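Structure file my_file_27.cif; described as mmCIF, C-alpha atoms and all ligand atoms.
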```cif
data_start
#
loop_
_atom_site.label_atom_id
_atom_site.label_comp_id
_atom_site.auth_asym_id
_atom_site.auth_seq_id
_atom_site.Cartn_x
_atom_site.Cartn_y
_atom_site.Cartn_z
CA MET A 1 -47.41 -4.94 -7.32
CA PRO A 2 -44.08 -6.81 -7.39
CA VAL A 3 -40.94 -4.71 -7.48
CA LEU A 4 -38.36 -7.28 -8.48
CA ALA A 5 -38.08 -8.00 -12.20
CA ILE A 6 -38.02 -11.75 -11.53
CA ASN A 7 -41.61 -11.35 -10.31
CA GLY A 8 -42.73 -9.04 -13.12
CA GLY A 9 -41.45 -5.69 -11.84
CA GLU A 10 -39.41 -3.26 -13.92
CA LYS A 11 -35.82 -4.20 -14.76
CA THR A 12 -33.01 -2.17 -13.20
CA ARG A 13 -31.13 -2.20 -16.50
CA THR A 14 -32.81 -2.34 -19.87
CA GLU A 15 -29.76 -1.35 -21.91
CA GLY A 16 -27.65 -4.18 -23.32
CA TRP A 17 -23.94 -4.84 -22.83
CA PRO A 18 -21.04 -4.08 -25.20
CA ALA A 19 -20.42 -6.46 -28.09
CA TRP A 20 -17.68 -9.07 -27.91
CA PRO A 21 -15.64 -9.44 -30.06
CA PRO A 22 -15.68 -5.67 -30.41
CA ASP A 23 -16.94 -3.95 -33.54
CA ASP A 24 -13.79 -2.66 -35.17
CA PRO A 25 -12.98 -2.26 -38.88
CA GLY A 26 -9.31 -3.08 -38.23
CA PHE A 27 -10.07 -6.81 -38.00
CA LEU A 28 -11.53 -6.97 -41.49
CA GLU A 29 -8.76 -4.79 -42.87
CA ASN A 30 -6.08 -7.15 -41.54
CA LEU A 31 -7.92 -10.25 -42.75
CA GLY A 32 -8.11 -8.75 -46.24
CA LYS A 33 -4.35 -8.27 -46.21
CA VAL A 34 -3.82 -11.93 -45.31
CA ILE A 35 -6.05 -13.06 -48.19
CA GLU A 36 -4.21 -10.83 -50.64
CA SER A 37 -0.80 -11.98 -49.37
CA LYS A 38 -1.52 -15.56 -50.54
CA VAL A 39 0.35 -16.77 -47.48
CA TRP A 40 -2.33 -18.09 -45.19
CA GLY A 41 -0.26 -20.57 -43.20
CA VAL A 42 3.35 -21.36 -42.54
CA GLY A 43 5.90 -18.61 -43.24
CA GLY A 44 3.52 -15.65 -43.13
CA GLU A 45 4.22 -12.39 -41.36
CA TRP A 46 1.07 -12.11 -39.21
CA THR A 47 1.70 -14.81 -36.62
CA ARG A 48 5.23 -13.42 -36.24
CA LYS A 49 3.78 -9.93 -35.74
CA ALA A 50 1.33 -11.27 -33.14
CA GLU A 51 4.20 -13.02 -31.34
CA GLU A 52 6.30 -9.86 -31.33
CA MET A 53 3.44 -7.73 -30.05
CA MET A 54 2.59 -10.16 -27.26
CA ALA A 55 6.23 -10.57 -26.21
CA GLU A 56 6.86 -6.84 -26.17
CA TYR A 57 3.64 -6.04 -24.31
CA HIS A 58 4.38 -8.62 -21.61
CA ASP A 59 8.14 -7.92 -21.37
CA ALA A 60 9.01 -11.45 -22.48
CA LYS A 61 11.98 -12.39 -24.65
CA PHE A 62 10.30 -15.13 -26.67
CA ALA A 63 6.81 -15.97 -27.93
CA ALA A 64 5.54 -19.03 -29.78
CA ALA A 65 2.04 -18.97 -31.28
CA CYS A 66 -0.04 -22.16 -31.33
CA THR A 67 -3.57 -23.46 -31.82
CA SER A 68 -5.19 -22.91 -28.40
CA GLY A 69 -4.66 -22.13 -24.75
CA THR A 70 -5.08 -25.83 -24.02
CA SER A 71 -2.29 -26.81 -26.41
CA ALA A 72 -0.16 -23.93 -25.06
CA ILE A 73 -0.30 -25.36 -21.53
CA GLU A 74 0.36 -28.93 -22.65
CA LEU A 75 3.28 -28.07 -24.89
CA THR A 76 4.76 -25.76 -22.25
CA LEU A 77 4.66 -28.61 -19.75
CA ARG A 78 6.45 -30.85 -22.26
CA ALA A 79 8.92 -28.10 -23.11
CA CYS A 80 9.66 -27.81 -19.36
CA GLY A 81 10.43 -31.53 -19.24
CA VAL A 82 7.24 -32.58 -17.46
CA GLY A 83 6.12 -36.09 -18.36
CA PRO A 84 5.08 -39.53 -17.11
CA GLY A 85 5.67 -40.22 -13.46
CA SER A 86 5.50 -36.60 -12.34
CA GLU A 87 2.94 -34.52 -10.50
CA VAL A 88 1.83 -31.02 -11.42
CA ILE A 89 0.14 -28.81 -8.83
CA VAL A 90 -2.96 -27.02 -10.13
CA PRO A 91 -5.83 -25.11 -8.52
CA PRO A 92 -9.27 -26.77 -8.73
CA TYR A 93 -10.99 -23.43 -9.45
CA THR A 94 -10.19 -22.96 -13.13
CA PHE A 95 -11.18 -24.13 -16.60
CA ILE A 96 -10.78 -27.87 -17.18
CA ALA A 97 -7.86 -27.35 -19.60
CA THR A 98 -5.50 -26.37 -16.77
CA ALA A 99 -5.77 -29.91 -15.39
CA SER A 100 -6.50 -31.91 -18.55
CA SER A 101 -3.33 -30.52 -20.18
CA VAL A 102 -1.36 -32.09 -17.35
CA VAL A 103 -2.91 -35.49 -18.11
CA ALA A 104 -2.27 -34.95 -21.84
CA ALA A 105 1.41 -34.38 -21.02
CA GLY A 106 1.42 -37.76 -19.25
CA ALA A 107 1.57 -36.35 -15.72
CA VAL A 108 -0.82 -36.33 -12.79
CA PRO A 109 -2.66 -33.18 -11.60
CA VAL A 110 -2.56 -32.57 -7.86
CA PHE A 111 -5.28 -30.16 -6.76
CA VAL A 112 -4.37 -27.49 -4.21
CA ASP A 113 -7.03 -25.26 -2.68
CA ILE A 114 -7.47 -21.59 -3.47
CA ASP A 115 -7.68 -18.61 -1.17
CA GLU A 116 -11.34 -17.82 -0.60
CA GLU A 117 -10.96 -14.07 -1.07
CA THR A 118 -8.56 -13.93 -4.05
CA PHE A 119 -9.86 -17.11 -5.76
CA ASN A 120 -6.20 -17.84 -6.61
CA ILE A 121 -4.07 -20.83 -5.59
CA ASP A 122 -2.97 -20.68 -1.94
CA PRO A 123 0.87 -20.51 -1.77
CA ALA A 124 1.10 -22.06 1.73
CA LYS A 125 -1.00 -25.05 0.68
CA THR A 126 1.04 -25.29 -2.52
CA GLU A 127 4.19 -25.72 -0.45
CA GLU A 128 2.56 -28.45 1.66
CA ALA A 129 1.57 -30.36 -1.48
CA ILE A 130 5.05 -30.56 -3.01
CA THR A 131 6.52 -34.07 -3.10
CA ASP A 132 9.60 -35.59 -4.68
CA ARG A 133 7.45 -36.24 -7.75
CA THR A 134 6.37 -32.60 -8.23
CA ALA A 135 7.70 -31.29 -11.53
CA ALA A 136 5.69 -28.09 -11.97
CA ILE A 137 3.12 -25.72 -10.51
CA ILE A 138 0.52 -24.10 -12.75
CA ALA A 139 -0.40 -20.70 -11.33
CA VAL A 140 -3.68 -19.60 -12.90
CA HIS A 141 -4.41 -15.86 -12.97
CA ILE A 142 -8.09 -16.50 -12.53
CA GLY A 143 -10.54 -13.96 -13.87
CA GLY A 144 -7.47 -11.95 -14.93
CA SER A 145 -6.31 -11.31 -11.36
CA PRO A 146 -2.67 -12.37 -10.86
CA ALA A 147 -1.86 -15.30 -8.58
CA ASP A 148 0.61 -14.51 -5.79
CA MET A 149 3.72 -15.20 -7.86
CA ASP A 150 6.50 -14.24 -5.41
CA PRO A 151 5.89 -16.93 -2.79
CA ILE A 152 5.06 -19.45 -5.52
CA MET A 153 8.38 -18.73 -7.27
CA GLU A 154 10.27 -18.94 -4.00
CA ILE A 155 8.78 -22.33 -3.13
CA ALA A 156 9.37 -23.59 -6.67
CA ARG A 157 12.97 -22.42 -6.87
CA SER A 158 13.82 -23.96 -3.51
CA ARG A 159 12.44 -27.32 -4.66
CA GLY A 160 13.65 -27.30 -8.27
CA VAL A 161 10.10 -27.12 -9.64
CA LYS A 162 9.01 -25.25 -12.78
CA VAL A 163 6.25 -22.62 -12.70
CA ILE A 164 3.88 -22.19 -15.60
CA GLU A 165 1.48 -19.26 -15.57
CA ASP A 166 -1.95 -19.97 -17.02
CA CYS A 167 -2.62 -16.52 -18.48
CA ALA A 168 -5.63 -17.54 -20.57
CA GLN A 169 -7.73 -14.91 -18.79
CA ALA A 170 -5.01 -12.40 -18.00
CA HIS A 171 -3.71 -10.55 -21.08
CA GLY A 172 -1.75 -7.56 -19.77
CA ALA A 173 -2.45 -8.21 -16.07
CA ILE A 174 0.11 -6.70 -13.70
CA TYR A 175 1.61 -8.39 -10.64
CA LYS A 176 3.54 -5.95 -8.40
CA GLY A 177 4.49 -3.79 -11.38
CA ARG A 178 5.36 -6.68 -13.73
CA LYS A 179 3.21 -7.98 -16.56
CA VAL A 180 2.23 -11.63 -16.19
CA GLY A 181 3.44 -14.29 -18.65
CA ALA A 182 7.17 -14.48 -18.07
CA ILE A 183 7.34 -14.09 -14.29
CA GLY A 184 7.39 -17.87 -14.02
CA ASP A 185 9.35 -20.14 -16.36
CA ALA A 186 6.72 -19.67 -19.05
CA GLY A 187 3.17 -18.43 -19.55
CA ALA A 188 0.35 -19.88 -21.64
CA PHE A 189 -2.22 -17.56 -23.22
CA SER A 190 -5.53 -18.23 -25.00
CA PHE A 191 -7.22 -16.32 -27.84
CA GLN A 192 -10.45 -18.33 -27.70
CA SER A 193 -13.67 -16.39 -28.46
CA SER A 194 -14.35 -15.08 -24.98
CA LYS A 195 -10.81 -13.97 -24.19
CA ASN A 196 -9.68 -10.32 -23.82
CA VAL A 197 -7.72 -10.65 -27.06
CA THR A 198 -9.37 -13.10 -29.42
CA ALA A 199 -8.96 -14.74 -32.80
CA GLY A 200 -11.87 -17.15 -32.27
CA GLU A 201 -9.30 -19.75 -31.23
CA GLY A 202 -5.55 -19.66 -30.70
CA GLY A 203 -2.83 -19.80 -28.06
CA MET A 204 0.67 -18.58 -27.28
CA VAL A 205 3.57 -19.40 -25.02
CA LEU A 206 5.73 -16.60 -23.59
CA THR A 207 9.05 -17.19 -21.87
CA ASN A 208 12.43 -15.63 -21.13
CA ASP A 209 14.10 -19.05 -21.32
CA ALA A 210 15.70 -19.77 -24.70
CA ASP A 211 15.64 -23.57 -24.18
CA ILE A 212 11.97 -23.66 -23.24
CA TYR A 213 11.21 -21.47 -26.25
CA SER A 214 13.10 -23.61 -28.72
CA ARG A 215 11.52 -26.85 -27.40
CA ALA A 216 8.07 -25.23 -27.52
CA TRP A 217 8.73 -24.05 -31.07
CA SER A 218 9.74 -27.57 -32.10
CA ILE A 219 6.67 -29.20 -30.54
CA ILE A 220 4.47 -26.71 -32.42
CA ASN A 221 6.37 -27.31 -35.67
CA VAL A 222 6.26 -31.13 -36.00
CA GLY A 223 9.57 -31.55 -34.23
CA ARG A 224 11.62 -29.35 -36.56
CA VAL A 225 14.38 -27.21 -35.08
CA PRO A 226 14.74 -23.53 -36.00
CA GLU A 227 18.19 -24.03 -37.57
CA GLY A 228 17.29 -27.35 -39.26
CA GLU A 229 16.06 -28.42 -42.70
CA TRP A 230 12.36 -28.76 -43.56
CA TYR A 231 12.51 -32.58 -43.29
CA ASP A 232 14.65 -32.74 -40.19
CA HIS A 233 12.63 -33.78 -37.13
CA ARG A 234 14.56 -34.04 -33.89
CA VAL A 235 11.84 -33.60 -31.28
CA MET A 236 8.52 -35.46 -30.90
CA GLY A 237 6.17 -32.71 -32.03
CA TRP A 238 2.81 -32.03 -33.65
CA ASN A 239 1.40 -29.47 -36.04
CA LEU A 240 0.09 -26.91 -33.56
CA ARG A 241 0.65 -23.88 -35.77
CA MET A 242 -1.58 -20.85 -35.77
CA THR A 243 -2.91 -19.57 -39.12
CA GLN A 244 -2.04 -16.12 -40.46
CA PHE A 245 -5.73 -15.21 -40.14
CA GLN A 246 -5.51 -15.71 -36.39
CA GLY A 247 -2.25 -13.77 -36.30
CA ALA A 248 -3.93 -10.89 -38.11
CA LEU A 249 -6.87 -10.78 -35.67
CA ILE A 250 -4.56 -10.95 -32.65
CA SER A 251 -2.38 -8.16 -34.08
CA ARG A 252 -5.40 -5.88 -34.21
CA GLY A 253 -6.59 -7.09 -30.81
CA MET A 254 -3.21 -6.18 -29.35
CA GLU A 255 -3.56 -2.64 -30.69
CA LEU A 256 -6.92 -2.38 -28.92
CA LEU A 257 -5.75 -4.02 -25.70
CA PRO A 258 -4.25 -0.98 -23.87
CA GLU A 259 -7.47 1.01 -24.19
CA HIS A 260 -9.65 -1.98 -23.29
CA PHE A 261 -7.39 -2.87 -20.37
CA GLU A 262 -7.63 0.62 -18.94
CA LEU A 263 -11.40 0.74 -19.31
CA ARG A 264 -11.90 -2.69 -17.70
CA ALA A 265 -9.65 -1.68 -14.78
CA LYS A 266 -11.31 1.74 -14.35
CA ASN A 267 -14.80 0.22 -14.30
CA GLY A 268 -13.57 -2.61 -12.06
CA GLU A 269 -12.10 -0.29 -9.46
CA TYR A 270 -15.18 1.94 -9.53
CA LEU A 271 -17.36 -1.12 -9.02
CA ARG A 272 -15.12 -2.33 -6.18
CA GLN A 273 -15.66 1.00 -4.43
CA ARG A 274 -19.40 1.10 -5.04
CA LEU A 275 -19.76 -2.42 -3.65
CA GLU A 276 -18.69 -1.06 -0.28
CA ASP A 277 -22.37 -0.03 -0.04
CA VAL A 278 -23.51 -3.62 -0.53
CA GLU A 279 -22.86 -5.71 2.54
CA GLY A 280 -22.37 -9.33 1.53
CA VAL A 281 -21.03 -8.80 -2.00
CA CYS A 282 -17.50 -7.86 -2.99
CA LEU A 283 -15.16 -8.34 -5.91
CA GLN A 284 -12.39 -10.93 -5.95
CA LYS A 285 -9.54 -9.46 -3.87
CA LEU A 286 -6.14 -8.77 -5.44
CA THR A 287 -3.22 -10.85 -4.13
CA HIS A 288 -1.26 -7.60 -3.74
CA PRO A 289 -2.57 -4.00 -3.62
CA ASP A 290 -0.30 -2.91 -6.49
CA ASN A 291 -1.68 -5.56 -8.86
CA VAL A 292 -3.92 -4.65 -11.77
CA SER A 293 -6.37 -7.33 -12.86
CA ALA A 294 -7.07 -7.81 -16.55
CA PHE A 295 -10.73 -8.11 -15.44
CA HIS A 296 -11.51 -10.79 -18.00
CA LEU A 297 -14.30 -11.65 -15.60
CA TYR A 298 -15.78 -9.60 -12.82
CA VAL A 299 -15.62 -12.27 -10.12
CA PHE A 300 -17.80 -11.74 -7.03
CA LEU A 301 -17.87 -13.24 -3.55
CA TYR A 302 -21.39 -13.49 -2.10
CA ASP A 303 -22.39 -14.02 1.51
CA PRO A 304 -25.92 -15.47 1.72
CA GLU A 305 -26.21 -14.47 5.39
CA ALA A 306 -26.12 -10.79 4.47
CA PHE A 307 -29.15 -11.48 2.25
CA GLY A 308 -31.28 -13.25 4.86
CA GLY A 309 -30.05 -16.68 3.75
CA LEU A 310 -30.95 -16.17 0.08
CA SER A 311 -29.02 -18.75 -1.91
CA ARG A 312 -26.36 -17.63 -4.40
CA ASP A 313 -28.25 -19.38 -7.20
CA ARG A 314 -31.49 -17.54 -6.45
CA PHE A 315 -29.61 -14.25 -6.04
CA ILE A 316 -28.00 -14.47 -9.49
CA GLN A 317 -31.30 -15.56 -11.01
CA ALA A 318 -32.88 -12.40 -9.62
CA LEU A 319 -29.91 -10.31 -10.83
CA GLY A 320 -30.25 -11.78 -14.32
CA ALA A 321 -33.90 -10.78 -14.38
CA GLU A 322 -32.84 -7.24 -13.45
CA GLY A 323 -30.73 -7.09 -16.63
CA ILE A 324 -27.45 -8.07 -14.94
CA PRO A 325 -26.47 -11.44 -16.45
CA CYS A 326 -24.30 -13.58 -14.14
CA ALA A 327 -23.01 -17.12 -14.03
CA LYS A 328 -22.22 -19.28 -11.01
CA GLY A 329 -19.05 -20.52 -12.70
CA TYR A 330 -16.89 -23.62 -12.30
CA ASN A 331 -17.29 -26.85 -10.39
CA PRO A 332 -14.25 -27.99 -8.37
CA LEU A 333 -12.33 -29.73 -11.14
CA TYR A 334 -11.73 -32.88 -9.09
CA ARG A 335 -15.50 -33.34 -8.99
CA GLU A 336 -15.82 -33.28 -12.80
CA GLY A 337 -16.78 -36.72 -14.09
CA VAL A 338 -13.52 -37.14 -15.93
CA PHE A 339 -11.60 -37.10 -12.66
CA ALA A 340 -14.15 -38.24 -10.12
CA ALA A 341 -16.22 -40.89 -11.88
CA THR A 342 -15.39 -44.28 -10.45
CA VAL A 343 -15.65 -45.71 -13.94
CA HIS A 344 -12.36 -44.01 -14.72
CA MET A 345 -10.60 -44.81 -11.49
CA ASP A 346 -9.37 -48.24 -12.56
CA ALA A 347 -7.78 -46.67 -15.58
CA PHE A 348 -6.28 -43.65 -13.83
CA PRO A 349 -3.65 -42.29 -14.11
CA PHE A 350 -4.84 -42.39 -17.71
CA CYS A 351 -1.48 -42.20 -19.39
CA ALA A 352 0.95 -41.95 -16.53
CA PRO A 353 2.08 -45.57 -16.24
CA TYR A 354 5.23 -44.69 -14.29
CA TYR A 355 3.34 -42.85 -11.58
CA GLU A 356 3.96 -44.43 -8.21
CA GLY A 357 1.65 -42.34 -6.03
CA GLU A 358 -1.97 -42.87 -5.04
CA CYS A 359 -4.48 -41.20 -7.30
CA ASP A 360 -8.05 -41.05 -6.06
CA TYR A 361 -9.80 -37.77 -6.82
CA THR A 362 -12.92 -38.82 -4.90
CA ALA A 363 -10.85 -38.31 -1.74
CA VAL A 364 -9.78 -34.74 -2.58
CA SER A 365 -11.28 -31.93 -0.55
CA CYS A 366 -10.59 -28.24 -1.15
CA PRO A 367 -13.06 -26.49 1.19
CA ALA A 368 -12.51 -22.91 -0.01
CA CYS A 369 -13.02 -23.91 -3.62
CA GLU A 370 -16.12 -25.91 -2.71
CA ARG A 371 -17.68 -23.02 -0.81
CA ILE A 372 -17.05 -20.72 -3.76
CA CYS A 373 -18.40 -23.14 -6.34
CA ASP A 374 -21.40 -24.28 -4.30
CA GLU A 375 -22.46 -21.19 -2.39
CA ARG A 376 -20.46 -18.01 -2.71
CA GLY A 377 -18.86 -17.32 -6.07
CA PHE A 378 -20.31 -15.89 -9.25
CA TRP A 379 -19.10 -13.80 -12.15
CA MET A 380 -20.00 -11.49 -14.98
CA SER A 381 -18.53 -11.97 -18.44
CA GLN A 382 -15.78 -10.16 -20.36
CA ARG A 383 -18.33 -7.71 -21.84
CA THR A 384 -19.01 -6.17 -18.44
CA GLY A 385 -15.74 -4.28 -18.11
CA LEU A 386 -16.18 -2.56 -21.47
CA ALA A 387 -19.41 -0.88 -20.39
CA ASP A 388 -19.61 2.50 -18.62
CA GLU A 389 -19.95 3.86 -15.10
CA GLN A 390 -23.74 3.81 -15.40
CA ALA A 391 -23.57 0.06 -16.00
CA MET A 392 -21.51 -0.37 -12.81
CA ASP A 393 -24.13 1.67 -10.94
CA ASP A 394 -26.84 -0.55 -12.41
CA ILE A 395 -25.06 -3.65 -11.08
CA VAL A 396 -24.94 -2.17 -7.57
CA ASN A 397 -28.49 -0.81 -7.74
CA ALA A 398 -29.85 -4.20 -8.80
CA MET A 399 -28.12 -5.84 -5.82
CA LEU A 400 -29.50 -3.22 -3.43
CA LYS A 401 -32.97 -3.62 -4.92
CA ILE A 402 -32.84 -7.36 -4.27
CA ARG A 403 -31.64 -6.80 -0.71
CA ASP A 404 -34.43 -4.30 -0.06
CA ASN A 405 -37.09 -6.66 -1.39
CA LEU A 406 -35.98 -10.01 -0.04
CA GLY A 407 -39.52 -10.75 1.08
CA GLU A 408 -40.49 -11.22 -2.56
CA LEU A 409 -37.97 -14.03 -2.86
CA ALA A 410 -38.98 -15.94 0.25
CA GLU A 411 -39.37 -19.62 -0.56
CA ALA A 412 -43.04 -20.59 -0.77
C1 LIG A 501 -7.95 -20.52 -17.20
C2 LIG A 501 -8.01 -21.12 -18.57
N1 LIG A 501 -7.03 -21.97 -18.95
C3 LIG A 501 -7.01 -22.52 -20.15
C4 LIG A 501 -8.00 -22.26 -21.09
C5 LIG A 501 -7.95 -22.97 -22.41
O1 LIG A 501 -7.86 -22.11 -23.48
P1 LIG A 501 -8.45 -22.55 -24.92
O2 LIG A 501 -9.93 -22.51 -24.82
O3 LIG A 501 -7.89 -21.55 -25.85
O4 LIG A 501 -7.94 -23.93 -25.20
C6 LIG A 501 -9.04 -21.37 -20.74
C7 LIG A 501 -10.14 -20.96 -21.64
O5 LIG A 501 -10.74 -21.44 -22.41
C8 LIG A 501 -9.05 -20.80 -19.45
O6 LIG A 501 -10.01 -19.97 -19.07
#
```
The structure given in the file should be rewritten as structure tokens.
Amino acid sequence: MPVLAINGGEKTRTEGWPAWPPDDPGFLENLGKVIESKVWGVGGEWTRKAEEMMAEYHDAKFAAACTSGTSAIELTLRACGVGPGSEVIVPPYTFIATASSVVAAGAVPVFVDIDEETFNIDPAKTEEAITDRTAAIIAVHIGGSPADMDPIMEIARSRGVKVIEDCAQAHGAIYKGRKVGAIGDAGAFSFQSSKNVTAGEGGMVLTNDADIYSRAWSIINVGRVPEGEWYDHRVMGWNLRMTQFQGALISRGMELLPEHFELRAKNGEYLRQRLEDVEGVCLQKLTHPDNVSAFHLYVFLYDPEAFGGLSRDRFIQALGAEGIPCAKGYNPLYREGVFAATVHMDAFPFCAPYYEGECDYTAVSCPACERICDERGFWMSQRTGLADEQAMDDIVNAMLKIRDNLGELAEA
């Protein structure tokens, strides 16, 4: 009789995982108020409330709501003066938008490898990659776990380079006692469906810099300026405004965030401890022991050797069958067709005509990122952290069960 669920045995976990977005009557209540207000778009109170709540929570002076995390990164780059001819350093282990926003701003992404244990951009390699063309660094707090901001800020300040935090996965995350978002020059957040605070779609820029804020505000508001007339357009901008419906959902989400954050962190730290019993699997390491991850994702590092050579892909397949759904995650971004395909090479840099450097992504190699993407990394979704201690035990028990029954997974 097989033991492993992938071969017909009993599942380790039969119970499901918490719903996302969460079931909460406050969302509907707020949406009803927007409908009744008759102000569904520009000038309503809900996006302002969402901005205020986000700014206050993250200790930032200014917040500007927009349509998505992708637009938040692009408009922040523009607001920081990044444009044609410049390079922006980005990690290759992230969602495509981190790099595509750079191209949309007219600049060229330069991929810098991550640290294999933290999954975050490597500060030493970041320093090596800076050139006279570097205008900004995008530090992604991947999975919700803060990038190592202090050395990144030091390098950036010494070279006159801006730092933008990609906080799409990191609402409320704490780096050495400080909330992410306004540690760098600005931070870009997402409220897309999967995110820890969601309105289905949406984005926001946080900053302590009044100039960056006012330029960001103008880009979002078709080039208007806060003190100007309605038909007074002084900046090249777009309509990137968030609706009041999104503002209302985010406002409720922000009320729920402290409790969710605590639960995700409590479960995450319990799981980290329990994984000490599982040789060959651990959670993404923090870049500093005092950090608190937002645990948008539970990101794992897997060592096939500790599992008799069992491939990561087969391991997560077996885990899925046990009732522990996992995903192998990203490809190195420079390998994505949009950057790597030779068909695009003649045309690249797509819209950076003043760029004077070489730009051939087929020649990029980031070994740590490649090992993680190809063999060692996997993650569980944002629902995981909202479950209970039993669920964390189930994750560990499923891994141990696989390890104890490796013979069942031997390749035929
Ligand atoms: C790290 C990261 N950056 C940027 C984005 C883009 O956000 P959005 O989907 O809201 O455009 C996402 C998520 O989707 C993300 O995970």
Point to revise | Distance filter 8 Å around ligand LIG 501 (chain A), atoms: all atoms listed in the file, out as a VMD selection string | key: chain A and resid 67 to 73 94 to 98 140 to 143 166 to 169 188 to 192 194 to 195 201 to 203
So that I have them on file, write out the residues from the current selection with C-alpha atoms, as a short mmCIF file (atom, residue, chain, number, x, y, z; two decimals), in the coordinates of the input.
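Writing the result to again37.cif gives the following:
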```cif
data_model
loop_
_atom_site.label_atom_id
_atom_site.label_comp_id
_atom_site.auth_asym_id
_atom_site.auth_seq_id
_atom_site.Cartn_x
_atom_site.Cartn_y
_atom_site.Cartn_z
CA THR A 67 -3.57 -23.46 -31.82
CA SER A 68 -5.19 -22.91 -28.40
CA GLY A 69 -4.66 -22.13 -24.75
CA THR A 70 -5.08 -25.83 -24.02
CA SER A 71 -2.29 -26.81 -26.41
CA ALA A 72 -0.16 -23.93 -25.06
CA ILE A 73 -0.30 -25.36 -21.53
CA THR A 94 -10.19 -22.96 -13.13
CA PHE A 95 -11.18 -24.13 -16.60
CA ILE A 96 -10.78 -27.87 -17.18
CA ALA A 97 -7.86 -27.35 -19.60
CA THR A 98 -5.50 -26.37 -16.77
CA VAL A 140 -3.68 -19.60 -12.90
CA HIS A 141 -4.41 -15.86 -12.97
CA ILE A 142 -8.09 -16.50 -12.53
CA GLY A 143 -10.54 -13.96 -13.87
CA ASP A 166 -1.95 -19.97 -17.02
CA CYS A 167 -2.62 -16.52 -18.48
CA ALA A 168 -5.63 -17.54 -20.57
CA GLN A 169 -7.73 -14.91 -18.79
CA ALA A 188 0.35 -19.88 -21.64
CA PHE A 189 -2.22 -17.56 -23.22
CA SER A 190 -5.53 -18.23 -25.00
CA PHE A 191 -7.22 -16.32 -27.84
CA GLN A 192 -10.45 -18.33 -27.70
CA SER A 194 -14.35 -15.08 -24.98
CA LYS A 195 -10.81 -13.97 -24.19
CA GLU A 201 -9.30 -19.75 -31.23
CA GLY A 202 -5.55 -19.66 -30.70
CA GLY A 203 -2.83 -19.80 -28.06
#
```
Write out, as a Markdown table, each residue of stretch 306-327 of chain A that has an atom at most 12 Å from stretch 12-21 of chain A, together with the closest pair of atoms and their distance in Å to one decimal, counting only C-alpha atoms, rows going by chain and rising number.
```
| residue | atom | partner | partner_atom | distance |
| --- | --- | --- | --- | --- |
| A:Ala318 | CA | A:Thr12 | CA | 10.8 |
| A:Leu319 | CA | A:Thr12 | CA | 9.0 |
| A:Gly320 | CA | A:Arg13 | CA | 9.9 |
| A:Ala321 | CA | A:Thr12 | CA | 8.7 |
| A:Glu322 | CA | A:Thr12 | CA | 5.1 |
| A:Gly323 | CA | A:Arg13 | CA | 4.9 |
| A:Ile324 | CA | A:Arg13 | CA | 7.1 |
| A:Pro325 | CA | A:Trp17 | CA | 9.5 |
```
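Checking A:Val3, A:Ala63, A:Ile114, A:Ala294 one by one against A:Gly385, counting only C-alpha atoms, you find the shortest gap at A:Ala294.
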Exercise for review: Name all residues at most 10 Å from A:Val42 (count only C-alpha atoms; drop same-chain ones fewer than 6 positions away) and give them as a VMD selection string.
Suggested key: chain A and resid 221 241 to 244
Keeping C-alpha atoms, export the residues of the selection given above as a JSON list (two decimals), keeping the file's coordinate frame.
```
[["chain", "number", "residue", "atom", "x", "y", "z"],
["A", 221, "ASN", "CA", 6.37, -27.31, -35.67],
["A", 241, "ARG", "CA", 0.65, -23.88, -35.77],
["A", 242, "MET", "CA", -1.58, -20.85, -35.77],
["A", 243, "THR", "CA", -2.91, -19.57, -39.12],
["A", 244, "GLN", "CA", -2.04, -16.12, -40.46]]
```
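As for atom CA of A:Ala135 and atom CA of A:Asp185, they are spaced 12.3 Å apart.
Taking all atoms listed in the file into account, A:Met392 lies nearest to A:Glu269 out of the set A:Glu336, A:Glu269, A:Glu56, A:Glu370.
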Exercise for review: Please indicate the distance in Å from atom CA of A:Lys401 to atom CA of A:Gln284, rounded to one decimal place.
Suggested key: 21.9 Å
A:Gly44: which residues within 12 Å, counting all atoms listed in the file, same-chain residues fewer than 3 positions away excluded, as a compact mmCIF listing (two decimals) with C-alpha atoms, in the coordinates of the input?
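Written file, around-v3.txt:
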```
# COMPACT_ATOMS: atom_id res chain seq x y z
CA LYS A 33 -4.35 -8.27 -46.21
CA VAL A 34 -3.82 -11.93 -45.31
CA ILE A 35 -6.05 -13.06 -48.19
CA GLU A 36 -4.21 -10.83 -50.64
CA SER A 37 -0.80 -11.98 -49.37
CA LYS A 38 -1.52 -15.56 -50.54
CA VAL A 39 0.35 -16.77 -47.48
CA TRP A 40 -2.33 -18.09 -45.19
CA GLY A 41 -0.26 -20.57 -43.20
CA THR A 47 1.70 -14.81 -36.62
CA ARG A 48 5.23 -13.42 -36.24
CA LYS A 49 3.78 -9.93 -35.74
CA ALA A 50 1.33 -11.27 -33.14
CA ARG A 241 0.65 -23.88 -35.77
CA MET A 242 -1.58 -20.85 -35.77
CA THR A 243 -2.91 -19.57 -39.12
CA GLN A 244 -2.04 -16.12 -40.46
CA PHE A 245 -5.73 -15.21 -40.14
CA GLN A 246 -5.51 -15.71 -36.39
CA GLY A 247 -2.25 -13.77 -36.30
CA ALA A 248 -3.93 -10.89 -38.11
```
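When atom CA of A:Asn267 is paired with atom CA of A:Tyr302, their separation reads 19.5 Å.
Of the residues under consideration (A:Ile164, A:Cys373, A:Ala79, A:Leu249), A:Ala79 shows the shortest atom-to-atom contact distance to A:Met236 when counting all atoms listed in the file.
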